[in-house]
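The next block is structure-v3.csv, given as CSV, C-alpha atoms and all ligand atoms.
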chain,number,residue,atom,x,y,z
A,1,MET,CA,-38.1,-0.7,16.4
A,2,LYS,CA,-36.5,0.2,13.1
A,3,LEU,CA,-38.7,1.2,10.2
A,4,PHE,CA,-38.0,-0.4,6.7
A,5,LEU,CA,-39.7,0.3,3.4
A,6,ASP,CA,-41.2,-2.7,1.6
A,7,THR,CA,-40.6,-1.6,-2.0
A,8,ALA,CA,-38.2,-1.6,-4.8
A,9,ILE,CA,-39.4,1.8,-6.2
A,10,PHE,CA,-36.4,4.1,-6.0
A,11,GLU,CA,-38.3,7.3,-5.9
A,12,GLU,CA,-40.3,6.1,-2.8
A,13,ILE,CA,-37.1,5.1,-1.0
A,14,ASP,CA,-35.3,8.3,-1.9
A,15,GLU,CA,-38.2,10.4,-0.5
A,16,ALA,CA,-38.3,8.4,2.8
A,17,VAL,CA,-34.5,8.5,3.2
A,18,LYS,CA,-34.8,12.3,2.9
A,19,TRP,CA,-37.3,12.3,5.8
A,20,GLY,CA,-34.7,10.5,7.8
A,21,VAL,CA,-37.0,7.9,9.2
A,22,ILE,CA,-36.0,4.6,7.6
A,23,ASP,CA,-33.1,2.3,8.2
A,24,GLY,CA,-33.5,-0.2,5.4
A,25,VAL,CA,-35.5,-1.7,2.6
A,26,THR,CA,-37.0,-5.1,1.8
A,27,THR,CA,-37.5,-6.3,-1.7
A,28,ASN,CA,-38.8,-9.5,-3.2
A,29,PRO,CA,-39.3,-10.8,-6.7
A,30,THR,CA,-42.8,-9.3,-6.8
A,31,LEU,CA,-41.7,-5.9,-5.7
A,32,ILE,CA,-38.8,-6.0,-8.2
A,33,ALA,CA,-41.2,-6.8,-11.0
A,34,LYS,CA,-43.5,-3.9,-9.9
A,35,ALA,CA,-40.6,-1.5,-10.0
A,36,GLY,CA,-39.9,-2.7,-13.6
A,37,GLN,CA,-36.2,-2.4,-13.4
A,38,ASP,CA,-33.2,-4.7,-13.7
A,39,HIS,CA,-32.7,-6.5,-10.4
A,40,GLU,CA,-29.0,-5.9,-10.0
A,41,LEU,CA,-29.1,-2.3,-11.1
A,42,GLN,CA,-32.0,-1.5,-8.9
A,43,VAL,CA,-30.6,-3.1,-5.8
A,44,LYS,CA,-27.2,-1.4,-6.3
A,45,ARG,CA,-29.0,2.0,-6.8
A,46,ILE,CA,-31.0,1.5,-3.6
A,47,CYS,CA,-27.8,0.4,-1.7
A,48,GLY,CA,-26.3,3.7,-2.8
A,49,ILE,CA,-28.7,5.6,-0.5
A,50,ILE,CA,-29.6,3.3,2.3
A,51,GLY,CA,-28.1,0.4,4.3
A,52,ASN,CA,-29.8,-3.0,5.1
A,53,VAL,CA,-31.3,-3.8,1.7
A,54,SER,CA,-32.8,-7.3,1.5
A,55,ALA,CA,-32.5,-8.9,-2.0
A,56,GLU,CA,-34.1,-12.3,-2.5
A,57,VAL,CA,-32.8,-15.4,-4.2
A,58,VAL,CA,-35.0,-17.0,-6.9
A,59,SER,CA,-33.2,-20.3,-7.3
A,60,GLU,CA,-34.9,-23.5,-6.1
A,61,LYS,CA,-32.1,-25.8,-5.1
A,62,SER,CA,-29.8,-25.1,-2.2
A,63,ASP,CA,-26.6,-25.3,-4.2
A,64,ASP,CA,-28.0,-22.8,-6.7
A,65,MET,CA,-29.2,-20.5,-3.9
A,66,ILE,CA,-25.7,-20.5,-2.4
A,67,VAL,CA,-24.2,-19.4,-5.7
A,68,GLU,CA,-26.9,-16.8,-6.3
A,69,GLY,CA,-26.7,-15.6,-2.6
A,70,ARG,CA,-23.0,-15.1,-3.0
A,71,ARG,CA,-23.6,-13.1,-6.2
A,72,LEU,CA,-26.3,-10.9,-4.5
A,73,ALA,CA,-24.0,-10.3,-1.5
A,74,ALA,CA,-21.2,-9.3,-3.8
A,75,TRP,CA,-23.3,-6.5,-5.4
A,76,HIS,CA,-23.0,-4.2,-2.4
A,77,LYS,CA,-22.0,-4.4,1.3
A,78,ASN,CA,-25.5,-3.2,2.3
A,79,VAL,CA,-27.2,-6.3,0.8
A,80,ILE,CA,-28.9,-8.8,3.1
A,81,VAL,CA,-29.6,-12.0,1.3
A,82,LYS,CA,-33.2,-13.3,1.5
A,83,VAL,CA,-33.9,-17.0,1.4
A,84,PRO,CA,-37.2,-18.8,1.7
A,85,LEU,CA,-38.1,-20.8,4.8
A,86,THR,CA,-37.8,-24.1,2.9
A,87,PRO,CA,-35.3,-27.0,3.5
A,88,ASP,CA,-33.3,-25.8,0.5
A,89,GLY,CA,-33.6,-22.1,1.6
A,90,LEU,CA,-32.3,-22.9,5.1
A,91,ALA,CA,-29.5,-25.2,3.9
A,92,ALA,CA,-28.3,-22.4,1.7
A,93,GLY,CA,-28.9,-19.8,4.4
A,94,LYS,CA,-26.7,-21.7,6.8
A,95,VAL,CA,-23.8,-21.8,4.3
A,96,LEU,CA,-24.2,-18.1,3.5
A,97,ALA,CA,-24.5,-17.1,7.2
A,98,ALA,CA,-21.3,-19.1,8.0
A,99,GLU,CA,-19.5,-17.1,5.4
A,100,GLY,CA,-20.5,-13.9,7.1
A,101,THR,CA,-23.4,-12.9,4.9
A,102,ARG,CA,-26.4,-11.4,6.6
A,103,VAL,CA,-29.3,-13.7,5.9
A,104,ASN,CA,-33.0,-12.8,6.0
A,105,VAL,CA,-35.3,-15.8,6.2
A,106,THR,CA,-38.6,-14.9,4.5
A,107,LEU,CA,-42.1,-16.5,4.3
A,108,CYS,CA,-42.3,-17.3,8.0
A,109,PHE,CA,-45.7,-18.0,9.4
A,110,SER,CA,-45.1,-19.8,12.7
A,111,VAL,CA,-42.9,-19.9,15.9
A,112,ASN,CA,-41.5,-23.3,14.9
A,113,GLN,CA,-40.4,-21.9,11.5
A,114,ALA,CA,-38.8,-19.0,13.3
A,115,LEU,CA,-36.9,-21.5,15.5
A,116,LEU,CA,-35.6,-23.2,12.3
A,117,ALA,CA,-34.3,-19.9,11.0
A,118,ALA,CA,-32.6,-19.1,14.2
A,119,ALA,CA,-30.9,-22.5,14.1
A,120,ILE,CA,-29.1,-21.7,10.9
A,121,GLY,CA,-27.9,-18.4,12.2
A,122,ALA,CA,-30.3,-16.1,10.3
A,123,TYR,CA,-29.7,-12.4,10.9
A,124,ILE,CA,-33.4,-11.7,10.3
A,125,ILE,CA,-36.6,-13.7,10.4
A,126,SER,CA,-39.6,-12.2,8.5
A,127,PRO,CA,-43.0,-13.3,9.8
A,128,PHE,CA,-45.7,-12.2,7.3
A,129,ALA,CA,-48.4,-10.7,9.5
A,130,GLY,CA,-50.8,-9.5,6.8
A,131,ARG,CA,-50.9,-12.8,5.0
A,132,LEU,CA,-51.9,-14.6,8.2
A,133,ASP,CA,-54.6,-12.0,8.8
A,134,ASP,CA,-55.8,-12.8,5.3
A,135,ILE,CA,-56.5,-16.4,6.2
A,136,ASN,CA,-58.3,-15.4,9.5
A,137,GLU,CA,-55.3,-16.0,11.7
A,138,ASP,CA,-53.8,-13.3,14.0
A,139,GLY,CA,-50.6,-12.3,12.3
A,140,MET,CA,-49.4,-9.9,15.0
A,141,ARG,CA,-50.0,-12.6,17.6
A,142,VAL,CA,-47.5,-14.8,15.7
A,143,VAL,CA,-45.0,-11.9,15.6
A,144,ALA,CA,-45.4,-11.4,19.4
A,145,ASP,CA,-45.0,-15.1,20.0
A,146,ILE,CA,-41.8,-15.2,18.0
A,147,VAL,CA,-40.4,-12.2,19.9
A,148,ASN,CA,-41.2,-14.0,23.2
A,149,ALA,CA,-39.8,-17.3,22.2
A,150,TYR,CA,-36.6,-15.7,20.9
A,151,ARG,CA,-36.2,-13.7,24.2
A,152,GLN,CA,-36.8,-16.8,26.4
A,153,GLN,CA,-34.2,-18.7,24.3
A,154,SER,CA,-31.7,-15.8,24.2
A,155,ILE,CA,-31.8,-16.0,20.3
A,156,LYS,CA,-30.2,-13.0,18.7
A,157,THR,CA,-32.0,-13.3,15.2
A,158,LYS,CA,-33.9,-10.0,14.6
A,159,VAL,CA,-37.7,-10.2,14.2
A,160,LEU,CA,-38.9,-8.2,11.2
A,161,ALA,CA,-42.6,-7.8,11.1
A,162,ALA,CA,-43.5,-8.1,7.3
A,163,SER,CA,-46.5,-8.1,5.2
A,164,ILE,CA,-47.7,-5.0,7.0
A,165,ARG,CA,-51.0,-3.6,5.6
A,166,ASN,CA,-51.9,-0.6,7.8
A,167,PRO,CA,-50.6,1.8,10.5
A,168,MET,CA,-52.2,-0.2,13.3
A,169,HIS,CA,-50.0,-3.2,12.3
A,170,VAL,CA,-46.9,-0.9,12.8
A,171,THR,CA,-48.1,0.0,16.4
A,172,GLN,CA,-48.8,-3.6,17.1
A,173,ALA,CA,-45.4,-4.7,15.9
A,174,ALA,CA,-43.7,-2.2,18.1
A,175,LEU,CA,-45.7,-3.2,21.1
A,176,ALA,CA,-45.0,-6.8,20.4
A,177,GLY,CA,-41.3,-6.0,20.6
A,178,ALA,CA,-40.4,-6.6,16.9
A,179,ASP,CA,-36.9,-5.3,16.0
A,180,ILE,CA,-38.0,-4.0,12.6
A,181,ALA,CA,-41.2,-3.4,10.7
A,182,THR,CA,-41.2,-3.2,6.9
A,183,MET,CA,-44.1,-1.5,5.2
A,184,PRO,CA,-45.3,-0.2,1.9
A,185,PHE,CA,-44.7,3.5,1.2
A,186,PRO,CA,-48.4,4.5,1.6
A,187,VAL,CA,-48.4,3.0,5.1
A,188,LEU,CA,-45.2,4.8,6.0
A,189,LYS,CA,-46.8,8.1,4.9
A,190,MET,CA,-49.9,7.3,7.0
A,191,LEU,CA,-47.7,7.2,10.2
A,192,PHE,CA,-47.3,11.0,10.0
A,193,ASN,CA,-51.1,11.6,10.0
A,194,HIS,CA,-53.0,13.0,12.9
A,195,PRO,CA,-55.8,15.6,12.6
A,196,HIS,CA,-54.5,17.5,15.5
A,197,THR,CA,-51.0,17.8,13.9
A,198,ASP,CA,-52.5,19.2,10.7
A,199,ASP,CA,-55.0,21.6,12.5
A,200,GLY,CA,-52.3,22.7,15.0
A,201,GLN,CA,-49.7,23.5,12.4
A,202,LYS,CA,-52.3,25.4,10.3
A,203,LYS,CA,-53.3,27.5,13.3
A,204,PHE,CA,-49.6,28.2,14.3
A,205,LEU,CA,-48.9,29.4,10.8
A,206,GLU,CA,-52.0,31.5,10.6
A,207,ASP,CA,-51.2,33.2,14.0
A,208,TYR,CA,-47.6,33.8,12.8
A,209,ARG,CA,-48.8,35.5,9.6
A,210,LYS,CA,-51.2,37.6,11.7
A,211,THR,CA,-48.4,38.9,13.9
A,212,GLN,CA,-46.3,39.7,10.7
A,213,GLU,CA,-49.2,41.6,9.2
A,214,ALA,CA,-49.8,43.6,12.4
A,215,LYS,CA,-46.1,44.6,12.6
A,216,PRO,CA,-45.4,48.3,11.7
A,217,ALA,CA,-43.9,48.5,8.3
A,218,PRO,CA,-40.4,50.1,8.2
A,219,SER,CA,-40.4,53.7,6.7
A,220,ALA,CA,-38.0,54.6,3.9
A,221,ALA,CA,-35.7,56.2,6.5
A,222,GLY,CA,-35.8,52.9,8.5
A,223,LYS,CA,-38.3,54.2,11.1
A,224,ALA,CA,-41.5,52.2,11.9
A,225,VAL,CA,-44.6,53.6,10.2
A,226,LEU,CA,-47.8,52.9,12.3
A,227,PRO,CA,-50.7,51.4,10.5
A,228,SER,CA,-53.3,54.2,9.6
A,229,HIS,CA,-56.4,52.5,11.2
A,301,LIG,C1,-41.2,-8.8,3.3
A,301,LIG,O1,-40.0,-8.8,3.2
A,301,LIG,C2,-42.1,-9.0,2.1
A,301,LIG,O2,-41.5,-8.4,1.0
A,301,LIG,C3,-43.4,-8.4,2.2
A,301,LIG,O3,-43.6,-7.8,3.5
A,301,LIG,C4,-44.6,-9.2,1.8
A,301,LIG,O4,-45.8,-8.4,1.9
A,301,LIG,P1,-47.2,-8.7,1.2
A,301,LIG,O5,-47.8,-9.9,1.9
A,301,LIG,O6,-47.9,-7.5,1.3
A,301,LIG,O7,-46.8,-9.1,-0.2
Encoded form using structure tokens:
Amino acid sequence: MKLFLDTAIFEEIDEAVKWGVIDGVTTNPTLIAKAGQDHELQVKRICGIIGNVSAEVVSEKSDDMIVEGRRLAAWHKNVIVKVPLTPDGLAAGKVLAAEGTRVNVTLCFSVNQALLAAAIGAYIISPFAGRLDDINEDGMRVVADIVNAYRQQSIKTKVLAASIRNPMHVTQAALAGADIATMPFPVLKMLFNHPHTDDGQKKFLEDYRKTQEAKPAPSAAGKAVLPSH
């Protein structure tokens, strides 16, 4: 499962890229607003350091979405155009996908919606796990069901577990067979955490320092001088 960052904040993406653990970024109008930057400039900047960058259309009618989607795709070869799972969104997505643009269908909450996205040739389907959990439904169950339905139907559309809220969601998405999980930067940082890793590393470094301190210091003539005690 590939790990994506769900943010439009350049500094977060830059840090995660340096760690070498992420393969892409998902943005949406809310995340762009949070980053407080011009949409085009920010997406181009992000595309300069990482591939697979989802940028979402904000038009409402399919014809306008097609025009907008073409404009987003022209920004950079790394752009994946995100359309909503609405009749207009899918109609636009179908045209864009037929033109060779990679399309991410967003705001998916059911297996049936995921089948509709596959039918238009979507490159990615994004089921929102966290938002389902918020209304007392099992978001990760829906992700797992979409993965199973796609496998049984030999559908190639990639399943991207979205709206991830905690590290447990990431584990569950991987076990469900999702192709990608996109997560906020704080959740990505939490994936590193384990008390035994921190304690173990602290102890290794302490022991290394002890051996260094116990080593005989070299004399001025280059010979070892034994410690006086
Ligand atoms: C995915 O592409 C969306 O940007 C995102 O995961 C939505 O998450 P939220 O429910 O935390 O807003």
Is it possible to get the residues within 12 Å of (-54.5, -1.8, 10.1) (coordinates as in the file, counting all atoms listed in the file) written as a PyMOL selection string?
chain A and resi 129-130+133+139-140+163-173+183+187+190-191
Do a neighbour search on Val103 (chain A) at 7 Å with only C-alpha atoms, toss out local chain neighbours closer than 5 positions, and write the hits as a short mmCIF file (atom, residue, chain, number, x, y, z; two decimals) with C-alpha atoms, in the frame of the given file.
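File written: part.cif
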data_model
loop_
_atom_site.label_atom_id
_atom_site.label_comp_id
_atom_site.auth_asym_id
_atom_site.auth_seq_id
_atom_site.Cartn_x
_atom_site.Cartn_y
_atom_site.Cartn_z
CA ILE A 80 -28.90 -8.80 3.10
CA VAL A 81 -29.60 -12.00 1.30
CA LYS A 82 -33.20 -13.30 1.50
CA GLY A 93 -28.90 -19.80 4.40
CA ALA A 97 -24.50 -17.10 7.20
CA ALA A 122 -30.30 -16.10 10.30
CA TYR A 123 -29.70 -12.40 10.90
CA ILE A 124 -33.40 -11.70 10.30
#
Return as a Markdown table the residues of chain A lying at most 10 Å from ligand LIG 301 (chain A), together with the closest atom-to-atom pair for each and the distance in Å to one decimal, counting only C-alpha atoms and all ligand atoms, with rows in chain order and ascending residue number.
| residue | atom | partner | partner_atom | distance |
| --- | --- | --- | --- | --- |
| A:Phe4 | CA | A:LIG301 | O1 | 9.3 |
| A:Leu5 | CA | A:LIG301 | O3 | 9.0 |
| A:Asp6 | CA | A:LIG301 | O2 | 5.7 |
| A:Thr7 | CA | A:LIG301 | O2 | 7.5 |
| A:Ala8 | CA | A:LIG301 | O2 | 9.5 |
| A:Val25 | CA | A:LIG301 | O1 | 8.4 |
| A:Thr26 | CA | A:LIG301 | O1 | 5.0 |
| A:Thr27 | CA | A:LIG301 | O2 | 5.3 |
| A:Asn28 | CA | A:LIG301 | O2 | 5.1 |
| A:Pro29 | CA | A:LIG301 | O2 | 8.4 |
| A:Thr30 | CA | A:LIG301 | O7 | 7.7 |
| A:Leu31 | CA | A:LIG301 | O2 | 7.2 |
| A:Ile32 | CA | A:LIG301 | O2 | 9.9 |
| A:Ser54 | CA | A:LIG301 | O1 | 7.5 |
| A:Ala55 | CA | A:LIG301 | O1 | 9.1 |
| A:Glu56 | CA | A:LIG301 | O1 | 8.9 |
| A:Lys82 | CA | A:LIG301 | O1 | 8.3 |
| A:Asn104 | CA | A:LIG301 | O1 | 8.5 |
| A:Val105 | CA | A:LIG301 | O1 | 8.9 |
| A:Thr106 | CA | A:LIG301 | O1 | 6.4 |
| A:Leu107 | CA | A:LIG301 | C2 | 7.8 |
| A:Cys108 | CA | A:LIG301 | C1 | 9.8 |
| A:Ile125 | CA | A:LIG301 | O1 | 9.3 |
| A:Ser126 | CA | A:LIG301 | O1 | 6.3 |
| A:Pro127 | CA | A:LIG301 | C1 | 8.1 |
| A:Phe128 | CA | A:LIG301 | O3 | 6.2 |
| A:Ala129 | CA | A:LIG301 | O5 | 7.7 |
| A:Gly130 | CA | A:LIG301 | O5 | 5.8 |
| A:Arg131 | CA | A:LIG301 | O5 | 5.3 |
| A:Leu132 | CA | A:LIG301 | O5 | 8.9 |
| A:Asp133 | CA | A:LIG301 | O5 | 9.9 |
| A:Asp134 | CA | A:LIG301 | O5 | 9.2 |
| A:Leu160 | CA | A:LIG301 | O1 | 8.1 |
| A:Ala161 | CA | A:LIG301 | O3 | 7.7 |
| A:Ala162 | CA | A:LIG301 | O3 | 3.8 |
| A:Ser163 | CA | A:LIG301 | O3 | 3.4 |
| A:Ile164 | CA | A:LIG301 | O3 | 6.1 |
| A:Arg165 | CA | A:LIG301 | O6 | 6.6 |
| A:Ala181 | CA | A:LIG301 | O3 | 8.8 |
| A:Thr182 | CA | A:LIG301 | O3 | 6.2 |
| A:Met183 | CA | A:LIG301 | O3 | 6.5 |
| A:Pro184 | CA | A:LIG301 | O6 | 7.8 |
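Between CA of Ala73 (chain A) and CA of Thr101 (chain A) there is a distance of 6.9 Å.
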Using all atoms listed in the file, which protein or nucleic acid residues come within 9 Å of Phe10 (chain A)? Drop anything in the same chain fewer than 6 positions from it, and give the result as a list in words.
Ala35, Gln42, Arg45 and Ile46 of chain A
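The gap separating CA of Val43 (chain A) from CA of Trp75 (chain A) is 8.1 Å, in Å to one decimal.
Here the question is which of A:Ile120, A:Ile180, A:Ala114, A:Val142 gets nearest to Gly24 (chain A) using all atoms listed in the file, and that residue is A:Ile180.
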Kindly reconstruct region 18-41 of chain A with N, CA, C and O atoms and present the result as an mmCIF file, in the frame of the given file.
data_model
loop_
_atom_site.group_PDB
_atom_site.id
_atom_site.type_symbol
_atom_site.label_atom_id
_atom_site.label_comp_id
_atom_site.auth_asym_id
_atom_site.auth_seq_id
_atom_site.Cartn_x
_atom_site.Cartn_y
_atom_site.Cartn_z
ATOM 1 N N LYS A 18 -34.892 10.877 2.667
ATOM 2 C CA LYS A 18 -34.800 12.300 2.900
ATOM 3 C C LYS A 18 -35.532 12.719 4.200
ATOM 4 O O LYS A 18 -35.153 13.658 4.892
ATOM 5 N N TRP A 19 -36.602 12.025 4.508
ATOM 6 C CA TRP A 19 -37.300 12.300 5.800
ATOM 7 C C TRP A 19 -36.505 11.852 6.967
ATOM 8 O O TRP A 19 -36.777 12.281 8.099
ATOM 9 N N GLY A 20 -35.546 10.960 6.749
ATOM 10 C CA GLY A 20 -34.700 10.500 7.800
ATOM 11 C C GLY A 20 -35.257 9.473 8.757
ATOM 12 O O GLY A 20 -34.744 9.259 9.856
ATOM 13 N N VAL A 21 -36.320 8.800 8.307
ATOM 14 C CA VAL A 21 -37.000 7.900 9.200
ATOM 15 C C VAL A 21 -36.794 6.410 8.972
ATOM 16 O O VAL A 21 -37.192 5.581 9.778
ATOM 17 N N ILE A 22 -36.177 6.069 7.831
ATOM 18 C CA ILE A 22 -36.000 4.600 7.600
ATOM 19 C C ILE A 22 -34.589 4.152 7.668
ATOM 20 O O ILE A 22 -33.647 4.915 7.463
ATOM 21 N N ASP A 23 -34.462 2.870 8.023
ATOM 22 C CA ASP A 23 -33.100 2.300 8.200
ATOM 23 C C ASP A 23 -32.832 1.152 7.244
ATOM 24 O O ASP A 23 -31.766 0.541 7.321
ATOM 25 N N GLY A 24 -33.777 0.840 6.379
ATOM 26 C CA GLY A 24 -33.500 -0.200 5.400
ATOM 27 C C GLY A 24 -34.691 -0.452 4.500
ATOM 28 O O GLY A 24 -35.712 0.247 4.586
ATOM 29 N N VAL A 25 -34.500 -1.424 3.604
ATOM 30 C CA VAL A 25 -35.500 -1.700 2.600
ATOM 31 C C VAL A 25 -35.588 -3.223 2.395
ATOM 32 O O VAL A 25 -34.581 -3.921 2.475
ATOM 33 N N THR A 26 -36.810 -3.709 2.207
ATOM 34 C CA THR A 26 -37.000 -5.100 1.800
ATOM 35 C C THR A 26 -37.531 -5.168 0.426
ATOM 36 O O THR A 26 -38.436 -4.408 0.080
ATOM 37 N N THR A 27 -36.935 -6.057 -0.379
ATOM 38 C CA THR A 27 -37.500 -6.300 -1.700
ATOM 39 C C THR A 27 -37.797 -7.768 -1.836
ATOM 40 O O THR A 27 -37.341 -8.569 -1.028
ATOM 41 N N ASN A 28 -38.591 -8.105 -2.816
ATOM 42 C CA ASN A 28 -38.800 -9.500 -3.200
ATOM 43 C C ASN A 28 -39.073 -9.536 -4.657
ATOM 44 O O ASN A 28 -39.200 -8.474 -5.291
ATOM 45 N N PRO A 29 -39.143 -10.726 -5.261
ATOM 46 C CA PRO A 29 -39.300 -10.800 -6.700
ATOM 47 C C PRO A 29 -40.551 -10.035 -7.213
ATOM 48 O O PRO A 29 -40.533 -9.414 -8.283
ATOM 49 N N THR A 30 -41.626 -10.054 -6.427
ATOM 50 C CA THR A 30 -42.800 -9.300 -6.800
ATOM 51 C C THR A 30 -42.612 -7.839 -6.843
ATOM 52 O O THR A 30 -43.011 -7.133 -7.780
ATOM 53 N N LEU A 31 -41.931 -7.338 -5.816
ATOM 54 C CA LEU A 31 -41.700 -5.900 -5.700
ATOM 55 C C LEU A 31 -40.693 -5.438 -6.812
ATOM 56 O O LEU A 31 -40.829 -4.331 -7.355
ATOM 57 N N ILE A 32 -39.732 -6.290 -7.134
ATOM 58 C CA ILE A 32 -38.800 -6.000 -8.200
ATOM 59 C C ILE A 32 -39.545 -5.881 -9.536
ATOM 60 O O ILE A 32 -39.354 -4.950 -10.336
ATOM 61 N N ALA A 33 -40.453 -6.840 -9.752
ATOM 62 C CA ALA A 33 -41.200 -6.800 -11.000
ATOM 63 C C ALA A 33 -42.093 -5.570 -11.077
ATOM 64 O O ALA A 33 -42.209 -4.950 -12.135
ATOM 65 N N LYS A 34 -42.668 -5.153 -9.931
ATOM 66 C CA LYS A 34 -43.500 -3.900 -9.900
ATOM 67 C C LYS A 34 -42.674 -2.702 -10.240
ATOM 68 O O LYS A 34 -43.151 -1.774 -10.882
ATOM 69 N N ALA A 35 -41.422 -2.673 -9.762
ATOM 70 C CA ALA A 35 -40.600 -1.500 -10.000
ATOM 71 C C ALA A 35 -40.168 -1.459 -11.499
ATOM 72 O O ALA A 35 -39.823 -0.395 -12.023
ATOM 73 N N GLY A 36 -40.212 -2.626 -12.176
ATOM 74 C CA GLY A 36 -39.900 -2.700 -13.600
ATOM 75 C C GLY A 36 -38.514 -2.348 -13.993
ATOM 76 O O GLY A 36 -38.264 -1.814 -15.071
ATOM 77 N N GLN A 37 -37.575 -2.662 -13.108
ATOM 78 C CA GLN A 37 -36.200 -2.400 -13.400
ATOM 79 C C GLN A 37 -35.330 -3.638 -13.294
ATOM 80 O O GLN A 37 -35.754 -4.613 -12.671
ATOM 81 N N ASP A 38 -34.138 -3.593 -13.852
ATOM 82 C CA ASP A 38 -33.200 -4.700 -13.700
ATOM 83 C C ASP A 38 -32.877 -4.945 -12.259
ATOM 84 O O ASP A 38 -32.570 -3.991 -11.541
ATOM 85 N N HIS A 39 -32.918 -6.202 -11.820
ATOM 86 C CA HIS A 39 -32.700 -6.500 -10.400
ATOM 87 C C HIS A 39 -31.419 -5.959 -9.850
ATOM 88 O O HIS A 39 -31.408 -5.222 -8.850
ATOM 89 N N GLU A 40 -30.325 -6.305 -10.539
ATOM 90 C CA GLU A 40 -29.000 -5.900 -10.000
ATOM 91 C C GLU A 40 -28.842 -4.377 -9.991
ATOM 92 O O GLU A 40 -28.439 -3.805 -8.972
ATOM 93 N N LEU A 41 -29.229 -3.736 -11.089
ATOM 94 C CA LEU A 41 -29.100 -2.300 -11.100
ATOM 95 C C LEU A 41 -29.911 -1.595 -10.067
ATOM 96 O O LEU A 41 -29.457 -0.653 -9.398
#
